[in-house]
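Below is the file model-v5.txt, which contains compact mmCIF, C-alpha atoms.
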# COMPACT_ATOMS: atom_id res chain seq x y z
CA MET A 197 209.36 54.40 -43.95
CA LYS A 198 210.58 57.64 -42.37
CA GLU A 199 212.51 58.65 -45.50
CA LYS A 200 209.40 58.24 -47.64
CA GLN A 201 207.47 60.33 -45.15
CA LYS A 202 210.09 63.08 -45.18
CA ASP A 203 210.30 63.12 -48.97
CA TYR A 204 206.53 63.47 -49.23
CA LEU A 205 206.28 66.19 -46.62
CA ALA A 206 209.14 68.18 -48.10
CA GLY A 207 207.01 69.20 -51.04
CA LEU A 208 203.94 70.18 -49.01
CA TYR A 209 202.83 73.37 -47.31
CA LYS A 210 205.67 75.62 -48.41
CA PHE A 211 204.86 79.12 -47.17
CA LYS A 212 205.90 82.19 -49.05
CA ALA A 213 208.17 84.59 -47.20
CA GLY A 214 206.19 86.71 -44.77
CA GLU A 215 203.11 84.45 -44.76
CA GLU A 216 204.08 82.04 -41.96
CA ASP A 217 201.69 83.68 -39.50
CA SER A 218 198.63 85.18 -41.14
CA LEU A 219 197.69 86.92 -37.90
CA LYS A 220 200.74 89.16 -38.27
CA ASN A 221 199.18 90.67 -41.39
CA LYS A 222 195.92 91.51 -39.69
CA ASP A 223 195.02 94.46 -37.55
CA THR A 224 195.20 92.55 -34.28
CA GLU A 225 195.37 94.31 -30.94
CA ILE A 226 198.30 92.19 -29.83
CA SER A 227 200.27 90.05 -32.28
CA TYR A 228 201.85 86.85 -31.00
CA ASP A 229 205.61 86.68 -31.26
CA PRO A 230 207.17 83.45 -29.94
CA GLU A 231 210.42 85.31 -29.43
CA ARG A 232 208.71 87.73 -27.02
CA PRO A 233 206.30 86.07 -24.58
CA MET A 234 203.35 88.26 -23.69
CA SER A 235 203.28 90.06 -20.38
CA PHE A 236 200.69 89.18 -17.77
CA GLU A 237 198.76 92.40 -18.46
CA GLU A 238 198.60 91.62 -22.19
CA ILE A 239 197.34 88.11 -21.50
CA LYS A 240 194.76 89.38 -19.02
CA ARG A 241 193.48 91.99 -21.46
CA LEU A 242 193.01 89.40 -24.22
CA ASP A 243 191.36 86.99 -21.81
CA GLU A 244 188.82 89.54 -20.63
CA LYS A 245 188.04 90.69 -24.14
CA TYR A 246 187.75 87.35 -25.97
CA LEU A 247 187.06 84.56 -23.46
CA LEU A 248 183.84 83.67 -21.68
CA GLN A 249 184.39 84.66 -18.07
CA THR A 250 183.40 81.32 -16.56
CA TYR A 251 186.47 81.08 -14.30
CA ALA A 252 187.49 83.18 -11.31
CA ARG A 253 191.15 83.14 -12.29
CA MET A 254 194.05 83.85 -9.97
CA PRO A 255 196.23 86.81 -11.07
CA VAL A 256 199.08 84.72 -12.51
CA SER A 257 199.96 83.32 -15.93
CA PHE A 258 202.55 80.54 -16.02
CA LEU A 259 205.10 80.46 -18.79
CA TYR A 260 206.83 77.12 -18.21
CA GLY A 261 207.34 74.39 -15.64
CA ALA A 262 209.95 71.87 -14.52
CA GLY A 263 209.23 68.95 -12.20
CA GLU A 264 207.35 70.24 -9.15
CA PHE A 265 207.87 73.89 -10.09
CA LEU A 266 206.10 76.51 -12.20
CA TYR A 267 207.44 79.86 -13.45
CA ASP A 268 205.26 82.82 -14.35
CA THR A 269 205.64 85.47 -17.04
CA GLU A 270 207.75 87.57 -14.66
CA GLY A 271 210.12 84.69 -13.88
CA LYS A 272 208.83 84.04 -10.34
CA GLU A 273 209.10 80.44 -9.10
CA TYR A 274 206.19 78.54 -7.54
CA ILE A 275 205.98 75.15 -5.87
CA ASP A 276 203.13 73.34 -7.59
CA PHE A 277 200.98 71.61 -4.97
CA LEU A 278 197.92 71.40 -7.22
CA SER A 279 199.23 69.68 -10.39
CA GLY A 280 196.61 71.29 -12.61
CA ILE A 281 193.97 69.82 -10.24
CA ALA A 282 195.56 66.35 -9.96
CA VAL A 283 196.38 66.20 -13.68
CA ASN A 284 200.15 66.63 -14.00
CA SER A 285 200.88 63.34 -12.27
CA LEU A 286 204.56 63.30 -13.27
CA GLY A 287 205.10 67.03 -12.89
CA HIS A 288 206.02 69.43 -15.66
CA ALA A 289 208.18 68.83 -18.73
CA HIS A 290 208.87 65.18 -17.88
CA SER A 291 211.47 64.04 -20.38
CA ASP A 292 209.91 60.60 -21.02
CA LEU A 293 206.49 62.10 -21.71
CA ILE A 294 207.99 64.68 -24.05
CA ALA A 295 209.84 61.93 -25.91
CA ALA A 296 206.69 59.81 -26.22
CA LEU A 297 204.69 62.79 -27.48
CA ASN A 298 207.34 63.74 -30.02
CA ARG A 299 207.70 60.16 -31.29
CA GLN A 300 203.98 59.83 -31.88
CA ALA A 301 203.55 63.36 -33.23
CA ASP A 302 206.16 62.51 -35.83
CA MET A 303 204.11 59.51 -36.99
CA LEU A 304 200.32 59.91 -36.62
CA TRP A 305 198.00 62.27 -34.76
CA HIS A 306 194.49 61.17 -35.63
CA THR A 307 192.84 58.51 -37.77
CA SER A 308 189.46 58.10 -35.95
CA ASN A 309 187.97 55.08 -34.24
CA LEU A 310 186.93 53.59 -37.57
CA PHE A 311 190.33 51.89 -37.66
CA PHE A 312 192.48 49.81 -35.32
CA ASN A 313 194.95 51.76 -33.18
CA ALA A 314 198.07 50.17 -31.70
CA GLN A 315 198.57 52.85 -29.03
CA GLN A 316 194.95 52.52 -27.90
CA ALA A 317 195.16 48.73 -27.68
CA LEU A 318 198.39 48.81 -25.65
CA LEU A 319 197.02 51.37 -23.19
CA ALA A 320 193.78 49.41 -22.75
CA ARG A 321 195.75 46.26 -21.92
CA ALA A 322 197.88 48.16 -19.39
CA LEU A 323 194.79 49.63 -17.66
CA VAL A 324 193.14 46.23 -17.35
CA GLU A 325 196.34 44.71 -15.97
CA ILE A 326 196.51 47.27 -13.14
CA SER A 327 192.80 47.08 -12.30
CA PHE A 328 190.27 44.27 -12.87
CA ASN A 329 188.97 42.07 -15.69
CA SER A 330 187.23 44.54 -17.93
CA LYS A 331 187.14 46.23 -21.29
CA VAL A 332 187.95 49.88 -21.93
CA PHE A 333 186.27 52.76 -23.70
CA PHE A 334 188.37 55.88 -24.34
CA CYS A 335 187.12 59.46 -24.38
CA ASN A 336 188.60 62.91 -23.78
CA SER A 337 187.70 63.90 -20.22
CA GLY A 338 186.28 62.85 -16.89
CA THR A 339 182.81 64.20 -17.55
CA GLU A 340 182.64 62.21 -20.80
CA ALA A 341 183.74 59.09 -18.94
CA ASN A 342 180.91 59.57 -16.46
CA GLU A 343 178.42 60.14 -19.27
CA CYS A 344 179.43 56.77 -20.70
CA ALA A 345 179.07 55.12 -17.29
CA LEU A 346 175.63 56.70 -16.85
CA LYS A 347 174.48 55.37 -20.22
CA THR A 348 175.79 51.93 -19.31
CA ALA A 349 173.94 51.93 -15.98
CA ARG A 350 170.71 53.01 -17.67
CA ALA A 351 171.18 50.33 -20.37
CA PHE A 352 171.57 47.78 -17.58
CA GLY A 353 168.41 49.07 -15.95
CA GLN A 354 166.41 48.62 -19.15
CA LYS A 355 166.77 44.86 -18.75
CA TYR A 356 165.04 45.00 -15.38
CA ASN A 357 162.63 47.87 -16.05
CA LYS A 358 164.31 50.23 -13.59
CA GLN A 359 166.25 53.44 -14.09
CA LYS A 360 166.89 55.14 -10.75
CA ILE A 361 170.46 56.28 -10.09
CA LEU A 362 171.91 57.03 -6.68
CA ALA A 363 174.84 59.41 -6.15
CA LEU A 364 176.28 61.26 -3.16
CA LYS A 365 175.47 64.65 -1.71
CA HIS A 366 178.49 66.94 -2.20
CA GLY A 367 179.81 64.61 -4.91
CA PHE A 368 181.11 65.94 -8.22
CA HIS A 369 181.02 64.07 -11.54
CA GLY A 370 181.31 66.79 -14.20
CA ARG A 371 179.52 69.61 -15.99
CA THR A 372 177.91 68.03 -19.02
CA PHE A 373 174.19 67.45 -18.59
CA GLY A 374 174.23 63.85 -17.43
CA SER A 375 177.25 64.14 -15.15
CA MET A 376 175.93 67.44 -13.80
CA SER A 377 172.69 65.66 -12.94
CA LEU A 378 174.77 63.18 -10.90
CA THR A 379 176.59 65.97 -9.05
CA GLY A 380 175.29 66.62 -5.56
CA GLN A 381 176.18 70.31 -5.39
CA SER A 382 173.59 73.01 -6.00
CA LYS A 383 176.23 75.51 -7.17
CA VAL A 384 176.93 73.21 -10.12
CA ARG A 385 173.35 72.12 -10.82
CA ASP A 386 171.34 75.32 -10.42
CA GLY A 387 170.43 77.66 -13.26
CA PHE A 388 170.00 75.20 -16.13
CA GLY A 389 166.41 74.12 -15.80
CA ALA A 390 165.21 70.58 -15.19
CA LEU A 391 168.01 68.02 -15.05
CA LEU A 392 167.78 64.26 -15.58
CA GLU A 393 165.03 62.57 -13.60
CA ASN A 394 165.26 59.50 -11.37
CA ILE A 395 168.45 60.57 -9.59
CA ASP A 396 168.57 60.70 -5.81
CA PHE A 397 171.35 61.66 -3.41
CA VAL A 398 172.73 59.91 -0.32
CA GLU A 399 174.63 61.46 2.57
CA PRO A 400 178.30 60.33 2.36
CA ASN A 401 179.25 57.63 4.88
CA ASN A 402 175.64 57.44 6.13
CA ILE A 403 174.86 53.73 5.78
CA THR A 404 171.28 54.13 7.04
CA ASP A 405 170.54 56.79 4.42
CA LEU A 406 172.04 54.54 1.73
CA GLN A 407 169.92 51.58 2.82
CA ASN A 408 166.73 53.62 2.96
CA LYS A 409 167.16 55.07 -0.54
CA PHE A 410 168.41 51.88 -2.21
CA ASP A 411 165.05 50.54 -3.38
CA SER A 412 164.25 48.00 -6.07
CA ASP A 413 164.20 50.67 -8.81
CA VAL A 414 167.93 51.48 -8.46
CA CYS A 415 170.04 50.43 -11.45
CA GLY A 416 173.29 52.22 -10.56
CA LEU A 417 175.20 53.83 -7.69
CA PHE A 418 177.87 56.45 -8.42
CA LEU A 419 180.58 57.11 -5.81
CA GLU A 420 183.89 58.91 -5.52
CA PRO A 421 186.00 56.82 -3.08
CA ILE A 422 187.34 60.19 -1.92
CA LEU A 423 185.06 63.14 -2.63
CA GLY A 424 187.36 65.65 -4.32
CA GLU A 425 185.38 68.83 -4.90
CA GLY A 426 183.24 67.82 -1.93
CA GLY A 427 186.02 68.53 0.56
CA VAL A 428 188.61 65.72 0.09
CA LEU A 429 186.35 63.41 2.11
CA PRO A 430 187.24 59.67 2.09
CA LEU A 431 184.41 57.16 2.17
CA THR A 432 184.74 54.57 4.93
CA ASP A 433 185.37 50.89 4.21
CA GLU A 434 182.08 50.11 5.92
CA PHE A 435 180.16 52.43 3.61
CA LEU A 436 181.87 51.01 0.50
CA SER A 437 181.22 47.44 1.62
CA GLU A 438 177.54 48.15 2.20
CA ALA A 439 177.33 49.84 -1.20
CA LYS A 440 178.76 46.74 -2.89
CA LYS A 441 176.47 44.44 -0.93
CA LEU A 442 173.35 46.40 -1.85
CA CYS A 443 174.32 46.53 -5.53
CA GLU A 444 174.74 42.76 -5.61
CA GLU A 445 171.53 42.04 -3.71
CA LYS A 446 169.34 44.45 -5.67
CA GLU A 447 171.00 43.99 -9.08
CA ALA A 448 172.50 47.42 -9.66
CA LEU A 449 175.86 48.54 -11.04
CA LEU A 450 178.46 50.03 -8.69
CA VAL A 451 180.31 52.87 -10.43
CA PHE A 452 183.47 54.36 -8.94
CA ASP A 453 184.44 57.79 -10.21
CA GLU A 454 188.24 57.84 -9.86
CA ILE A 455 188.77 60.83 -12.11
CA GLN A 456 190.75 62.55 -9.35
CA THR A 457 191.92 59.59 -7.25
CA GLY A 458 193.12 57.28 -10.03
CA ILE A 459 196.53 56.60 -11.57
CA GLY A 460 198.56 56.51 -8.37
CA ARG A 461 197.22 59.59 -6.61
CA THR A 462 196.42 57.66 -3.40
CA GLY A 463 199.53 55.46 -3.34
CA LYS A 464 197.90 52.64 -5.30
CA TYR A 465 196.86 52.79 -8.92
CA PHE A 466 193.24 53.24 -7.82
CA ALA A 467 191.68 54.26 -4.52
CA TYR A 468 189.32 51.26 -4.51
CA GLN A 469 192.41 49.04 -4.14
CA HIS A 470 192.78 50.24 -0.53
CA SER A 471 189.51 48.40 0.25
CA ASN A 472 188.06 44.97 -0.53
CA VAL A 473 185.48 46.48 -2.87
CA THR A 474 185.86 46.32 -6.65
CA PRO A 475 183.44 48.36 -8.78
CA ASP A 476 181.54 47.16 -11.83
CA ILE A 477 182.49 50.33 -13.71
CA LEU A 478 185.51 52.57 -13.16
CA THR A 479 185.89 56.05 -14.67
CA ILE A 480 189.30 57.73 -14.92
CA ALA A 481 190.88 60.81 -16.52
CA LYS A 482 193.04 63.66 -15.09
CA GLY A 483 196.35 62.00 -14.13
CA LEU A 484 196.09 59.35 -16.84
CA GLY A 485 197.44 61.66 -19.53
CA GLY A 486 199.94 63.52 -17.37
CA GLY A 487 198.60 66.77 -18.85
CA VAL A 488 197.28 65.49 -22.18
CA PRO A 489 193.43 65.32 -22.25
CA ILE A 490 192.16 61.74 -22.04
CA GLY A 491 189.42 59.84 -20.23
CA ALA A 492 188.61 56.17 -19.94
CA VAL A 493 185.84 53.87 -18.73
CA LEU A 494 186.52 50.33 -17.54
CA ILE A 495 183.48 48.05 -17.61
CA ALA A 496 183.69 44.63 -15.95
CA ASP A 497 183.64 41.72 -18.40
CA LYS A 498 180.26 40.63 -17.07
CA TYR A 499 178.65 43.86 -18.32
CA CYS A 500 180.63 44.61 -21.49
CA SER A 501 177.79 43.60 -23.80
CA LEU A 502 175.65 46.49 -22.50
CA LEU A 503 177.34 48.81 -25.00
CA GLU A 504 177.10 47.29 -28.45
CA SER A 505 178.57 48.43 -31.74
CA GLY A 506 177.18 51.87 -32.57
CA SER A 507 175.67 52.50 -29.14
CA HIS A 508 178.42 54.88 -28.01
CA GLY A 509 181.37 56.66 -29.56
CA SER A 510 183.82 59.54 -29.59
CA THR A 511 185.52 61.33 -32.46
CA PHE A 512 188.71 62.16 -30.58
CA GLY A 513 188.59 59.58 -27.77
CA GLY A 514 191.61 57.31 -27.64
CA GLY A 515 193.53 59.16 -30.35
CA HIS A 516 197.13 58.25 -31.14
CA LEU A 517 198.74 61.20 -29.36
CA ALA A 518 196.80 60.95 -26.09
CA THR A 519 197.08 57.18 -25.74
CA ALA A 520 200.79 57.15 -26.57
CA VAL A 521 201.48 59.68 -23.79
CA ALA A 522 199.13 57.96 -21.33
CA TYR A 523 200.88 54.64 -21.91
CA GLU A 524 204.18 56.35 -21.11
CA VAL A 525 202.66 57.74 -17.90
CA LEU A 526 201.85 54.21 -16.74
CA ARG A 527 205.23 52.88 -17.87
CA SER A 528 207.05 55.66 -16.00
CA ILE A 529 205.02 55.14 -12.82
CA GLU A 530 205.95 51.46 -12.87
CA SER A 531 209.61 51.77 -13.85
CA ALA A 532 210.42 54.65 -11.50
CA LYS A 533 208.54 53.11 -8.54
CA ILE A 534 206.36 56.19 -8.27
CA LEU A 535 203.76 54.49 -6.07
CA GLU A 536 206.39 53.92 -3.40
CA ASN A 537 207.31 57.59 -3.58
CA VAL A 538 203.66 58.60 -3.16
CA GLN A 539 203.36 56.45 -0.06
CA GLY A 540 206.54 57.83 1.50
CA MET A 541 205.75 61.47 0.71
CA SER A 542 202.20 60.98 1.93
CA ASP A 543 203.36 59.70 5.32
CA TYR A 544 205.73 62.65 5.61
CA LEU A 545 203.14 65.28 4.67
CA PHE A 546 200.38 63.85 6.87
CA SER A 547 202.73 63.66 9.85
CA HIS A 548 203.84 67.27 9.54
CA LEU A 549 200.36 68.57 8.72
CA GLU A 550 199.04 66.89 11.87
CA ASN A 551 201.76 68.74 13.80
CA ILE A 552 200.57 72.01 12.26
CA LYS A 553 197.01 71.12 13.22
CA SER A 554 198.12 70.49 16.81
CA GLY A 555 199.85 73.85 16.87
CA TYR A 556 196.81 75.73 15.58
CA PRO A 557 193.77 73.77 16.85
CA ASP A 558 191.46 76.78 16.63
CA THR A 559 192.25 77.20 12.93
CA VAL A 560 192.79 73.71 11.52
CA LYS A 561 190.02 71.24 12.37
CA GLU A 562 191.10 68.14 10.43
CA ILE A 563 193.68 66.72 8.02
CA ARG A 564 192.12 64.12 5.72
CA GLY A 565 192.55 62.34 2.42
CA LYS A 566 194.91 59.64 1.20
CA GLY A 567 198.21 59.49 -0.63
CA LEU A 568 198.94 62.84 -2.28
CA LEU A 569 195.33 64.04 -2.23
CA ILE A 570 195.09 65.90 1.06
CA GLY A 571 192.51 68.25 2.54
CA ILE A 572 193.28 70.79 5.26
CA VAL A 573 189.89 71.43 6.86
CA LEU A 574 189.75 74.92 8.34
CA ARG A 575 187.34 76.45 10.82
CA GLU A 576 183.98 76.95 9.11
CA ASP A 577 184.19 80.74 9.11
CA ILE A 578 187.60 80.73 7.38
CA GLY A 579 187.31 80.89 3.60
CA ALA A 580 189.78 78.79 1.62
CA ARG A 581 189.86 81.00 -1.47
CA PRO A 582 191.61 84.01 0.16
CA LEU A 583 194.21 81.61 1.56
CA VAL A 584 194.83 80.14 -1.88
CA ALA A 585 195.50 83.67 -3.11
CA LYS A 586 197.88 84.37 -0.19
CA ALA A 587 199.70 81.09 -0.84
CA LEU A 588 200.20 82.15 -4.44
CA GLU A 589 201.87 85.34 -3.23
CA LYS A 590 204.23 83.15 -1.20
CA GLY A 591 205.12 81.09 -4.27
CA LEU A 592 202.93 78.07 -3.48
CA VAL A 593 200.11 76.81 -5.71
CA LEU A 594 197.27 75.29 -3.69
CA GLY A 595 193.66 74.48 -4.48
CA ARG A 596 190.45 74.44 -2.51
CA ALA A 597 187.69 71.88 -2.15
CA GLY A 598 184.55 73.48 -0.83
CA GLU A 599 184.37 76.70 1.11
CA ASN A 600 186.77 75.93 3.96
CA VAL A 601 189.07 73.15 2.75
CA LEU A 602 192.52 73.66 1.25
CA ARG A 603 193.34 70.95 -1.31
CA LEU A 604 196.88 69.63 -1.75
CA ALA A 605 197.60 67.51 -4.83
CA PRO A 606 201.32 67.77 -5.63
CA PRO A 607 202.91 65.79 -8.49
CA LEU A 608 203.50 62.13 -7.69
CA ILE A 609 207.24 62.71 -8.24
CA LEU A 610 207.37 65.07 -5.23
CA ARG A 611 210.81 65.15 -3.57
CA MET A 612 211.64 65.68 0.09
CA PRO A 613 213.34 69.11 -0.21
CA THR A 614 210.33 70.45 -2.13
CA ALA A 615 207.90 68.99 0.41
CA GLU A 616 209.84 70.64 3.25
CA ARG A 617 209.71 74.05 1.56
CA ALA A 618 205.98 73.69 0.86
CA LEU A 619 205.22 72.76 4.47
CA GLU A 620 207.07 75.84 5.70
CA LYS A 621 204.91 78.01 3.45
CA ILE A 622 201.73 76.25 4.58
CA GLU A 623 202.59 76.79 8.25
CA ASP A 624 203.33 80.46 7.57
CA LEU A 625 199.95 80.70 5.86
CA ILE A 626 198.10 79.13 8.80
CA LYS A 627 200.04 81.24 11.28
CA GLU A 628 198.91 84.46 9.59
CA ILE A 629 195.18 83.69 9.85
Translate the structure of the given file into C-alpha cells.
Amino acid sequence: MKEKQKDYLAGLYKFKAGEEDSLKNKDTEISYDPERPMSFEEIKRLDEKYLLQTYARMPVSFLYGAGEFLYDTEGKEYIDFLSGIAVNSLGHAHSDLIAALNRQADMLWHTSNLFFNAQQALLARALVEISFNSKVFFCNSGTEANECALKTARAFGQKYNKQKILALKHGFHGRTFGSMSLTGQSKVRDGFGALLENIDFVEPNNITDLQNKFDSDVCGLFLEPILGEGGVLPLTDEFLSEAKKLCEEKEALLVFDEIQTGIGRTGKYFAYQHSNVTPDILTIAKGLGGGVPIGAVLIADKYCSLLESGSHGSTFGGGHLATAVAYEVLRSIESAKILENVQGMSDYLFSHLENIKSGYPDTVKEIRGKGLLIGIVLREDIGARPLVAKALEKGLVLGRAGENVLRLAPPLILRMPTAERALEKIEDLIKEI
C-alpha cells in the first residue's frame, strides 16, 4: 500500500527551481526563511500590522518547547506552568504524540464525516470507557462543544414545551454566540447586542439561589465543576448533588463543561468523578488533543436520540489527524500512569503553596482548585496581570483567572525538580509584592 502511495506521489507537485515558496518572489516586508527564525521584533511588527488586536499579548514569542519547558526566540528558558491554558497536557514535543501525528499525516488528513473513520471510532470508544455510557460527537473546540450541548438541551426542552437554561455567574463557556450567552461574565457578553433569551444565572455554590431559579421551565443546567476563568473556584459536592437532584425532579439535562478540567487535569479523567454526580452531557476539549485542536460532546445513552441524522454537524470535527493524536494522548496517560503523577504533584504543590500563604497572609488569601489546576487568590487590590508579566521575566509562565487570581496549570507530566524550581519563583514573586 505504501509503495503504491509513494509511486503516485512521486509524480505530483514537482516545483520548478526557485518556485518552492511563492512569497519569496513577492515584495513582502519580511520574507520567511526556515533557516533563520524571525526575531521577536520582526514577529511583533507583523502581528501589529496584519492581525486583529483581540489579545493583550505578553512580550514573548516562543520558538520551541520540550517537556515542561519553553524557549523563546532569544533562547531564554521558561518553566511552563500554563500549558497553553490547560491544553498541552503531556507537555511539549512529546515523542509519542509526534509519532502518532507523523503516522497519520503520512496516511490521511481529511475525508469528511460523510465516511466512516477508524481513528474517530477508536477515540470515541476510549472516551466512553473512561466516562459513562454515552455516545460522542466530535468538533474542533470547547465553544463548539458547548454549542452542541446547548442545542441538545433545547431539543430536549421542545418535548416538554420549555426552553430556559441555567448557568453560573462568573462561569465561562466560550465566545461563539450561544456559548457566550451561557457565560456569566459581562466582559465577555457586553458589546454584541441582544444575546440568546431564556438564560438565567445562579450564584456558584449558593444552593438557595439554585433552588429559587430552578422553575418548571428549565430544560438544562450548565456547570463547570471548577470555574476556570471565574477564578479556579471548585463547586461543592453539596451544590453538585442538589443540581443533579433538581434536574431529575424537574426533567432537565445536567451539562458539565469540563473543557478545562477534563482529561486528567484534576487527577481523575474528569472532575465529576471526584463526586457522586454524573452529568447527562459532558463537554471536553483543551487537553484532549495535547495541543491539536479538538472538542467532543458525550451525551448519555438515554438522550442520544435528541440529535438525529442531519440535525448537527462539523466539517472538520473528528478528522483523522486530530483523533489519531487525541487517542495517543489517552493511551499515553494510561500507560505512563499520568493520573498518579498528577495526584502526587498536586499534593506537593498544594502543600508548599499553603506554606507560602502562611508566610504572606496579607498577600495570599486562599489556595484553591484540584489536581494541577490551582488558583492563588491574592488580596483584592492586587492585580494578577502585572504579576504574570513579572513571572515571565523570571522565566515562569503563569496565567490568571479573574482580576486577582493567579492560575497554575502545568503539564500533567510535571516532575519534582521542575516543581521545586517553579515554587521558588512563585515565592520570590509573592515576596516582591
With the cut-off set at 8 Å and counting only C-alpha atoms, tabulate each residue of region 467-562 of chain A with an atom at most that distance from an atom of region 306-323 of chain A, showing the nearest atom pair and its distance in Å to one decimal, ordered by chain and increasing number, as CSV.
residue,atom,partner,partner_atom,distance
A:Ser510,CA,A:Asn309,CA,7.7
A:Thr511,CA,A:Ser308,CA,6.2
A:Phe512,CA,A:Ser308,CA,6.8
A:Gly513,CA,A:Asn309,CA,7.9
A:Gly514,CA,A:Gln316,CA,5.8
A:Gly515,CA,A:His306,CA,5.7
A:His516,CA,A:His306,CA,6.0
A:Leu517,CA,A:His306,CA,7.6
A:Thr519,CA,A:Gln316,CA,5.6
A:Ala520,CA,A:Gln315,CA,5.4
A:Ala522,CA,A:Leu319,CA,7.2
A:Tyr523,CA,A:Leu319,CA,5.2
A:Leu526,CA,A:Ala322,CA,7.7
Quick one: which region 476-503 of chain A residues come within 12 Å of region 340-343 of chain A, and what is the nearest atom pair for each with the distance in Å to one decimal, counting all atoms listed in the file, rows ordered by chain and ascending number, as JSON lines?
{"residue": "A:Ile477", "atom": "CA", "partner": "A:Asn342", "partner_atom": "CA", "distance": 9.8}
{"residue": "A:Leu478", "atom": "CA", "partner": "A:Ala341", "partner_atom": "CA", "distance": 8.9}
{"residue": "A:Thr479", "atom": "CA", "partner": "A:Ala341", "partner_atom": "CA", "distance": 5.7}
{"residue": "A:Ile480", "atom": "CA", "partner": "A:Ala341", "partner_atom": "CA", "distance": 7.0}
{"residue": "A:Ala481", "atom": "CA", "partner": "A:Ala341", "partner_atom": "CA", "distance": 7.7}
{"residue": "A:Lys482", "atom": "CA", "partner": "A:Ala341", "partner_atom": "CA", "distance": 11.1}
{"residue": "A:Pro489", "atom": "CA", "partner": "A:Glu340", "partner_atom": "CA", "distance": 11.3}
{"residue": "A:Ile490", "atom": "CA", "partner": "A:Ala341", "partner_atom": "CA", "distance": 9.4}
{"residue": "A:Gly491", "atom": "CA", "partner": "A:Ala341", "partner_atom": "CA", "distance": 5.9}
{"residue": "A:Ala492", "atom": "CA", "partner": "A:Ala341", "partner_atom": "CA", "distance": 5.8}
{"residue": "A:Val493", "atom": "CA", "partner": "A:Ala341", "partner_atom": "CA", "distance": 5.6}
{"residue": "A:Leu494", "atom": "CA", "partner": "A:Ala341", "partner_atom": "CA", "distance": 9.3}
{"residue": "A:Ile495", "atom": "CA", "partner": "A:Ala341", "partner_atom": "CA", "distance": 11.1}
Selection file, C-alpha atoms, as a CSV table (one decimal), in the coordinates of the input:
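In the end it all went to out_3.csv:
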chain,number,residue,atom,x,y,z
A,477,ILE,CA,182.5,50.3,-13.7
A,478,LEU,CA,185.5,52.6,-13.2
A,479,THR,CA,185.9,56.0,-14.7
A,480,ILE,CA,189.3,57.7,-14.9
A,481,ALA,CA,190.9,60.8,-16.5
A,482,LYS,CA,193.0,63.7,-15.1
A,489,PRO,CA,193.4,65.3,-22.2
A,490,ILE,CA,192.2,61.7,-22.0
A,491,GLY,CA,189.4,59.8,-20.2
A,492,ALA,CA,188.6,56.2,-19.9
A,493,VAL,CA,185.8,53.9,-18.7
A,494,LEU,CA,186.5,50.3,-17.5
A,495,ILE,CA,183.5,48.0,-17.6
What does the distance between CA of Lys240 (chain A) and CA of Ala282 (chain A) come to in Å, to one decimal place?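 Distance between the two atoms: 24.8 Å.
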Neighbour list for His548 (chain A) as a PDB file with C-alpha atoms, in the frame of the given file, cut-off 9 Å, all atoms listed in the file, skip fewer than 5 positions in-chain:
ATOM      1  CA  ASP A 543     203.360  59.700   5.320  1.00  0.00           C
ATOM      2  CA  LYS A 553     197.010  71.120  13.220  1.00  0.00           C
ATOM      3  CA  LEU A 619     205.220  72.760   4.470  1.00  0.00           C
TER       4      LEU A 619
END
Please compute the CA of Ala587 (chain A)-CA of Tyr274 (chain A) distance, one decimal, in Å.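 Separation of CA of Ala587 (chain A) and CA of Tyr274 (chain A): 9.7 Å.
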Point-to-point distance in Å for CA of Gln249 (chain A) and CA of Phe236 (chain A): 16.9 Å
From the list A:Leu583, A:Arg241, A:Gly463, A:Ile275, which residue is nearest Glu616 (chain A) when using all atoms listed in the file? A:Ile275
Counting only C-alpha atoms, what is within 9 Å of Lys446 (chain A), bar same-chain residues fewer than 4 positions away, as number ranges by chain? A: 410-415, 441-442
Residues near Ala439 (chain A), cut-off 10 Å, only C-alpha atoms, skip fewer than 3 positions along chain, as number ranges by chain: A: 403, 406-407, 410, 417-419, 433-436, 442-444, 450, 473, 475
